[in-house]
Amino acid sequence: MPRFGYFLSAEDHAPGELVEQAVLAQDAGFESLWISDHFHPWNDEQGNAAFVWTMIGALAQATDLPVTTAVTCPTVRVHPAIVAQAAATSAALLGPGRFTLGLGSGEALNEHILGDPWPHAERRLAMLEEAVGIIRALWTGEVVSHSGEFYTVDSARLYTLPEQLPPIFLSSFGPKSLELACRIADGFVSVQPDADSVAAFRDAKGPQAPTQAGFKSSYAATRDEAVDHMHRLWPNDLLPGELPQVLPSPQHFEQAAQLVTRDMVADGPAPLGPDAETHLAAFAQYVDAGFDDIHVSNVGPDYRGFFALYKNEVLPELARRHPSSPGAAR
């Protein structure tokens with residue numbers, strides 16, 4: 001049965017707040033952490049974009065929870081050899097079984113910053129496949145030289161490796177990325193309650209193949225206030241199609257988000273407000289889809305109120321409804 005975790009959103013919380021949230025998450029009874037990896041926030045209102053590898057070092061000292069990057073792009077902004085080193089160090093700091101490297105093909109928002117062209121989707125997936133191969137090769141601890149279609153590695157060796165290598169999970173937003181995940185990933189990541197993709201991944205990798213998911217929520221004293229927070233901070237979640245992958249700057253997202261009305265946010269999938277049952281219903285979609293680990297993020301300033309709601313009402317009820325989950329056994 002599933003494990004329930006918290007999604008640290010580095011786009012709309014400062015570094016100190018992220019560490020505080022991780023501590024509060026552990027105290028509330030959450031069992032794992034996701035953390036986003038961005039160079040830019042989606043819009044200026046969010047206002048943050050801390051360096052994920054520094055944050056993971058802090059999380060390793062602040063909590064005992066496992067951590068997954070959700071997700072890192074190892075193809076344009078950061079060379080895969082550097083991602084291999086950063087992930088190995090993170091896994092060594094966190095300890096055996098506490099780090100998962102979540103990878104994806106990225107967004108122009110973060111990846112264009114060094115002036116590199118933003119490739120089309122098929123090329124991005126080809127780059128991701130080569131990058132994963134480089135990461136795995138470096139994790140052997142052997143000297144690696146590689147001359148591929150997209151990357152060169154010259155006599156590189158990682159000297160700091162963890163006791164236990166982390167698994168690599170891949171995110172998927174369509175059939176081609178799902179096919180890649182089914183071929184090369186240890187686990188599958190999604191932000192949609194997509195039962196078909198979970199089933200396809202397990203058909204390819206085995207019935208116990210691990211899957212993780214995450215979604216947004218907004219806690220506030222009233223539902224109207226929570227809708228305001230979501231509309232102000234995360235209207236980009238309702239942008240259609242490939243816009244989230246191809247728009248290059250927070251300003252472009254702000255322009256596109258003008259098409260997202262407050263009513264659209266109010267009618268959207270995110271649980272909004274202080275009603276525990278609304279939050280429980282959002283988890284149920286992902287449980288029914290078959291995900292193992294399900295993470296929720298709070299949008300808005302009252303994260304302490306969010307953790308109080310989850311500690312007192314939501315997580316105990318999730319444990320009651322899913323009694324064989326790890327949380328129920330604690």
# chains A, B, ... in the order shown; residues from 1 in each chain; ligands from 1

$ residues_around --residues "Val287 of chain A" --least-positions-apart "2" --cutoff "10 Å" --atoms "only C-alpha atoms" --output "number ranges by chain"
A: 1-4, 193, 195, 213, 281-285, 289-294, 322

$ residues_around --residues "segment 236-250 of chain A" --least-positions-apart "5" --cutoff "12 Å" --atoms "only C-alpha atoms" --output "PyMOL selection string"
chain A and resi 11+38-49+73+104-113+115-121+124+173-174+191-192+215-217+230-231+255-270+299

$ residues_around --residues "Arg136 of chain A" --least-positions-apart "6" --cutoff "12 Å" --atoms "only C-alpha atoms" --output "ChimeraX atom specification"
/A:80-81,83-85,87-88,101,129-130,142,144,157-158,161,165-168,184-186

$ write_last_selection --atoms "C-alpha atoms" --output "PDB file, in the first residue's frame"
ATOM      1  CA  PRO A  80      25.276  14.452 -16.708  1.00  0.00           C
ATOM      2  CA  ALA A  81      28.734  13.834 -15.221  1.00  0.00           C
ATOM      3  CA  VAL A  83      24.620  15.252 -11.938  1.00  0.00           C
ATOM      4  CA  ALA A  84      26.236  11.855 -11.335  1.00  0.00           C
ATOM      5  CA  GLN A  85      28.648  13.394  -8.819  1.00  0.00           C
ATOM      6  CA  ALA A  87      23.603  12.532  -6.788  1.00  0.00           C
ATOM      7  CA  ALA A  88      26.329  10.215  -5.500  1.00  0.00           C
ATOM      8  CA  LEU A 101      17.437  10.377  -8.415  1.00  0.00           C
ATOM      9  CA  GLU A 129      18.907   8.329 -22.499  1.00  0.00           C
ATOM     10  CA  GLU A 130      22.576   9.071 -23.161  1.00  0.00           C
ATOM     11  CA  GLU A 142      35.604   3.127 -12.838  1.00  0.00           C
ATOM     12  CA  VAL A 144      34.924   6.663 -17.758  1.00  0.00           C
ATOM     13  CA  ARG A 157      36.098   8.911 -12.115  1.00  0.00           C
ATOM     14  CA  LEU A 158      33.880   9.461  -9.088  1.00  0.00           C
ATOM     15  CA  LEU A 161      30.259   6.950  -3.916  1.00  0.00           C
ATOM     16  CA  LEU A 165      23.642   3.354  -5.288  1.00  0.00           C
ATOM     17  CA  PRO A 166      20.371   5.258  -5.649  1.00  0.00           C
ATOM     18  CA  PRO A 167      17.696   4.146  -8.087  1.00  0.00           C
ATOM     19  CA  ILE A 168      16.943   6.307 -11.118  1.00  0.00           C
ATOM     20  CA  ILE A 184      15.950   2.355 -18.794  1.00  0.00           C
ATOM     21  CA  ALA A 185      14.435   3.493 -15.479  1.00  0.00           C
ATOM     22  CA  ASP A 186      14.250   1.791 -12.100  1.00  0.00           C
TER      23      ASP A 186
END

$ residues_around --residues "Ile56 of chain A" --least-positions-apart "5" --cutoff "10 Å" --atoms "only C-alpha atoms" --output "VMD selection string"
chain A and resid 19 35 51 61 to 62 67 to 69 86 to 87 89 to 91 93 to 94 99

$ write_last_selection --atoms "all heavy atoms" --output "tab-separated table (two decimals), in the first residue's frame"
chain	number	residue	atom	x	y	z
A	19	VAL	N	13.69	23.82	4.70
A	19	VAL	CA	14.20	22.97	5.78
A	19	VAL	C	13.18	22.86	6.90
A	19	VAL	O	12.92	21.77	7.44
A	19	VAL	CB	15.55	23.49	6.29
A	19	VAL	CG1	16.01	22.69	7.51
A	19	VAL	CG2	16.62	23.43	5.19
A	35	ILE	N	11.61	16.98	-3.76
A	35	ILE	CA	12.07	18.37	-3.86
A	35	ILE	C	12.28	18.71	-5.32
A	35	ILE	O	12.84	17.92	-6.09
A	35	ILE	CB	13.34	18.63	-3.03
A	35	ILE	CG1	13.70	20.12	-3.07
A	35	ILE	CG2	14.51	17.75	-3.47
A	35	ILE	CD1	14.72	20.54	-2.03
A	51	PHE	N	19.16	26.19	-5.06
A	51	PHE	CA	19.95	25.14	-5.70
A	51	PHE	C	19.68	23.81	-5.00
A	51	PHE	O	19.94	23.64	-3.80
A	51	PHE	CB	21.43	25.49	-5.63
A	51	PHE	CG	22.33	24.57	-6.41
A	51	PHE	CD1	22.09	24.31	-7.76
A	51	PHE	CD2	23.43	23.98	-5.82
A	51	PHE	CE1	22.92	23.47	-8.48
A	51	PHE	CE2	24.28	23.15	-6.54
A	51	PHE	CZ	24.02	22.90	-7.88
A	61	GLN	N	20.78	16.53	7.01
A	61	GLN	CA	21.10	16.78	8.41
A	61	GLN	C	19.86	17.08	9.25
A	61	GLN	O	19.88	16.91	10.48
A	61	GLN	CB	22.07	17.96	8.51
A	61	GLN	CG	23.34	17.80	7.70
A	61	GLN	CD	24.06	16.50	8.00
A	61	GLN	OE1	24.37	16.22	9.16
A	61	GLN	NE2	24.34	15.70	6.98
A	62	ALA	N	18.78	17.52	8.60
A	62	ALA	CA	17.60	18.01	9.34
A	62	ALA	C	16.55	16.94	9.60
A	62	ALA	O	15.79	17.07	10.56
A	62	ALA	CB	16.97	19.18	8.58
A	67	VAL	N	14.54	11.11	0.28
A	67	VAL	CA	14.40	12.28	-0.59
A	67	VAL	C	14.50	11.84	-2.05
A	67	VAL	O	15.38	11.05	-2.41
A	67	VAL	CB	15.50	13.32	-0.30
A	67	VAL	CG1	15.37	14.53	-1.23
A	67	VAL	CG2	15.45	13.78	1.16
A	68	THR	N	13.61	12.39	-2.88
A	68	THR	CA	13.66	12.19	-4.33
A	68	THR	C	13.69	13.55	-5.01
A	68	THR	O	12.93	14.45	-4.64
A	68	THR	CB	12.42	11.42	-4.83
A	68	THR	OG1	12.38	10.13	-4.22
A	68	THR	CG2	12.43	11.26	-6.33
A	69	THR	N	14.56	13.71	-6.00
A	69	THR	CA	14.50	14.92	-6.83
A	69	THR	C	13.34	14.77	-7.80
A	69	THR	O	13.20	13.75	-8.48
A	69	THR	CB	15.80	15.14	-7.61
A	69	THR	OG1	16.12	13.96	-8.34
A	69	THR	CG2	16.94	15.49	-6.68
A	86	ALA	N	26.86	14.89	-8.08
A	86	ALA	CA	25.96	15.49	-7.09
A	86	ALA	C	25.05	14.44	-6.47
A	86	ALA	O	24.82	14.42	-5.25
A	86	ALA	CB	25.14	16.60	-7.75
A	87	ALA	N	24.51	13.55	-7.29
A	87	ALA	CA	23.60	12.53	-6.79
A	87	ALA	C	24.34	11.52	-5.91
A	87	ALA	O	23.81	11.07	-4.88
A	87	ALA	CB	22.92	11.83	-7.95
A	89	THR	N	27.01	12.07	-4.09
A	89	THR	CA	27.28	12.72	-2.81
A	89	THR	C	26.02	12.81	-1.97
A	89	THR	O	26.04	12.58	-0.75
A	89	THR	CB	27.87	14.12	-3.05
A	89	THR	OG1	29.08	14.01	-3.80
A	89	THR	CG2	28.17	14.82	-1.73
A	90	SER	N	24.90	13.16	-2.60
A	90	SER	CA	23.63	13.25	-1.87
A	90	SER	C	23.26	11.90	-1.26
A	90	SER	O	22.83	11.81	-0.10
A	90	SER	CB	22.52	13.72	-2.81
A	90	SER	OG	22.77	15.04	-3.26
A	91	ALA	N	23.44	10.83	-2.04
A	91	ALA	CA	23.12	9.49	-1.54
A	91	ALA	C	24.05	9.10	-0.39
A	91	ALA	O	23.63	8.44	0.57
A	91	ALA	CB	23.20	8.47	-2.67
A	93	LEU	N	25.45	11.20	1.75
A	93	LEU	CA	25.04	11.98	2.92
A	93	LEU	C	23.76	11.43	3.55
A	93	LEU	O	23.65	11.33	4.77
A	93	LEU	CB	24.82	13.44	2.53
A	93	LEU	CG	26.02	14.37	2.50
A	93	LEU	CD1	25.63	15.71	1.89
A	93	LEU	CD2	26.56	14.58	3.91
A	94	LEU	N	22.79	11.11	2.71
A	94	LEU	CA	21.50	10.66	3.23
A	94	LEU	C	21.57	9.25	3.81
A	94	LEU	O	20.86	8.93	4.76
A	94	LEU	CB	20.45	10.72	2.11
A	94	LEU	CG	19.95	12.12	1.78
A	94	LEU	CD1	19.34	12.16	0.39
A	94	LEU	CD2	18.94	12.59	2.82
A	99	PHE	N	17.88	8.05	-0.84
A	99	PHE	CA	17.91	8.99	-1.96
A	99	PHE	C	17.50	8.29	-3.24
A	99	PHE	O	17.94	7.17	-3.53
A	99	PHE	CB	19.30	9.60	-2.14
A	99	PHE	CG	19.36	10.58	-3.28
A	99	PHE	CD1	18.68	11.79	-3.22
A	99	PHE	CD2	20.06	10.29	-4.44
A	99	PHE	CE1	18.71	12.69	-4.27
A	99	PHE	CE2	20.09	11.19	-5.50
A	99	PHE	CZ	19.41	12.39	-5.41

$ closest_residue --among "A:Arg232, A:His146, A:His279, A:His13" --to "Tyr310 of chain A" --atoms "only C-alpha atoms"
A:His279

$ select_by_dssp --residues "segment 99-264 of chain A" --states "helix (DSSP H, G or I)" --output "VMD selection string"
chain A and resid 108 to 111 121 to 138 175 to 184 195 to 205 223 to 233 235 to 238 243 to 246 250 to 257 262 to 264

$ write_last_selection --atoms "C-alpha atoms" --output "mmCIF file, in the first residue's frame"
data_model
loop_
_atom_site.group_PDB
_atom_site.id
_atom_site.type_symbol
_atom_site.label_atom_id
_atom_site.label_comp_id
_atom_site.auth_asym_id
_atom_site.auth_seq_id
_atom_site.Cartn_x
_atom_site.Cartn_y
_atom_site.Cartn_z
ATOM 1 C CA ALA A 108 13.200 25.569 -21.460
ATOM 2 C CA LEU A 109 12.440 27.755 -18.424
ATOM 3 C CA ASN A 110 15.494 26.336 -16.643
ATOM 4 C CA GLU A 111 17.627 24.843 -19.377
ATOM 5 C CA ALA A 121 10.997 16.542 -27.699
ATOM 6 C CA GLU A 122 12.483 13.495 -29.427
ATOM 7 C CA ARG A 123 15.978 14.930 -29.233
ATOM 8 C CA ARG A 124 15.493 15.759 -25.539
ATOM 9 C CA LEU A 125 14.595 12.136 -24.875
ATOM 10 C CA ALA A 126 17.627 10.892 -26.803
ATOM 11 C CA MET A 127 19.805 13.234 -24.733
ATOM 12 C CA LEU A 128 18.199 11.942 -21.549
ATOM 13 C CA GLU A 129 18.907 8.329 -22.499
ATOM 14 C CA GLU A 130 22.576 9.071 -23.161
ATOM 15 C CA ALA A 131 22.801 11.070 -19.930
ATOM 16 C CA VAL A 132 21.424 8.184 -17.866
ATOM 17 C CA GLY A 133 24.013 5.889 -19.412
ATOM 18 C CA ILE A 134 26.811 8.264 -18.391
ATOM 19 C CA ILE A 135 25.488 8.560 -14.840
ATOM 20 C CA ARG A 136 25.304 4.798 -14.421
ATOM 21 C CA ALA A 137 28.787 4.344 -15.881
ATOM 22 C CA LEU A 138 30.297 6.864 -13.449
ATOM 23 C CA PRO A 175 3.938 7.690 -24.797
ATOM 24 C CA LYS A 176 7.503 8.302 -25.990
ATOM 25 C CA SER A 177 8.817 9.314 -22.582
ATOM 26 C CA LEU A 178 6.908 6.419 -21.007
ATOM 27 C CA GLU A 179 8.555 4.009 -23.449
ATOM 28 C CA LEU A 180 11.955 5.367 -22.428
ATOM 29 C CA ALA A 181 11.122 4.980 -18.745
ATOM 30 C CA CYS A 182 10.020 1.407 -19.365
ATOM 31 C CA ARG A 183 13.368 0.620 -21.000
ATOM 32 C CA ILE A 184 15.950 2.355 -18.794
ATOM 33 C CA ALA A 195 -3.361 4.411 -13.942
ATOM 34 C CA ASP A 196 -2.638 3.413 -17.546
ATOM 35 C CA SER A 197 0.983 4.597 -17.337
ATOM 36 C CA VAL A 198 1.485 2.842 -13.995
ATOM 37 C CA ALA A 199 0.128 -0.370 -15.530
ATOM 38 C CA ALA A 200 2.308 -0.028 -18.634
ATOM 39 C CA PHE A 201 5.419 0.562 -16.539
ATOM 40 C CA ARG A 202 4.726 -2.496 -14.392
ATOM 41 C CA ASP A 203 3.966 -4.597 -17.441
ATOM 42 C CA ALA A 204 7.454 -3.719 -18.670
ATOM 43 C CA LYS A 205 9.392 -3.827 -15.395
ATOM 44 C CA ARG A 223 -11.496 27.820 0.568
ATOM 45 C CA ASP A 224 -11.750 31.240 -1.095
ATOM 46 C CA GLU A 225 -8.419 32.259 0.381
ATOM 47 C CA ALA A 226 -6.827 29.016 -0.801
ATOM 48 C CA VAL A 227 -8.170 29.595 -4.324
ATOM 49 C CA ASP A 228 -6.582 33.046 -4.245
ATOM 50 C CA HIS A 229 -3.219 31.575 -3.241
ATOM 51 C CA MET A 230 -3.322 28.954 -5.993
ATOM 52 C CA HIS A 231 -4.394 31.470 -8.640
ATOM 53 C CA ARG A 232 -1.706 33.949 -7.604
ATOM 54 C CA LEU A 233 1.162 31.492 -7.272
ATOM 55 C CA PRO A 235 -1.796 29.290 -12.430
ATOM 56 C CA ASN A 236 0.852 27.679 -14.669
ATOM 57 C CA ASP A 237 -0.323 24.245 -13.511
ATOM 58 C CA LEU A 238 -3.401 24.710 -15.699
ATOM 59 C CA LEU A 243 3.577 25.208 -23.060
ATOM 60 C CA PRO A 244 5.236 24.280 -19.735
ATOM 61 C CA GLN A 245 8.115 22.646 -21.638
ATOM 62 C CA VAL A 246 8.769 25.375 -24.222
ATOM 63 C CA PRO A 250 8.885 33.484 -15.875
ATOM 64 C CA GLN A 251 7.609 36.515 -17.766
ATOM 65 C CA HIS A 252 6.338 34.309 -20.601
ATOM 66 C CA PHE A 253 4.544 32.115 -18.077
ATOM 67 C CA GLU A 254 2.964 35.199 -16.528
ATOM 68 C CA GLN A 255 1.684 36.235 -19.946
ATOM 69 C CA ALA A 256 0.270 32.784 -20.681
ATOM 70 C CA ALA A 257 -1.243 32.496 -17.201
ATOM 71 C CA ARG A 262 -9.763 32.213 -10.864
ATOM 72 C CA ASP A 263 -12.817 30.067 -11.664
ATOM 73 C CA MET A 264 -10.605 27.636 -13.585
#

$ closest_residue --among "A:Glu313, A:Ser171, A:Gly57, A:Ser297" --to "Trp234 of chain A" --atoms "only C-alpha atoms"
A:Ser297

$ atom_distance --atom1 "atom CA of Gln26 of chain A" --atom2 "atom CA of Thr160 of chain A"
28.0 Å

$ atom_distance --atom1 "atom CA of Gln21 of chain A" --atom2 "atom CA of Asp302 of chain A"
10.9 Å

$ atom_distance --atom1 "atom CA of Leu309 of chain A" --atom2 "atom CA of Ala28 of chain A"
9.0 Å
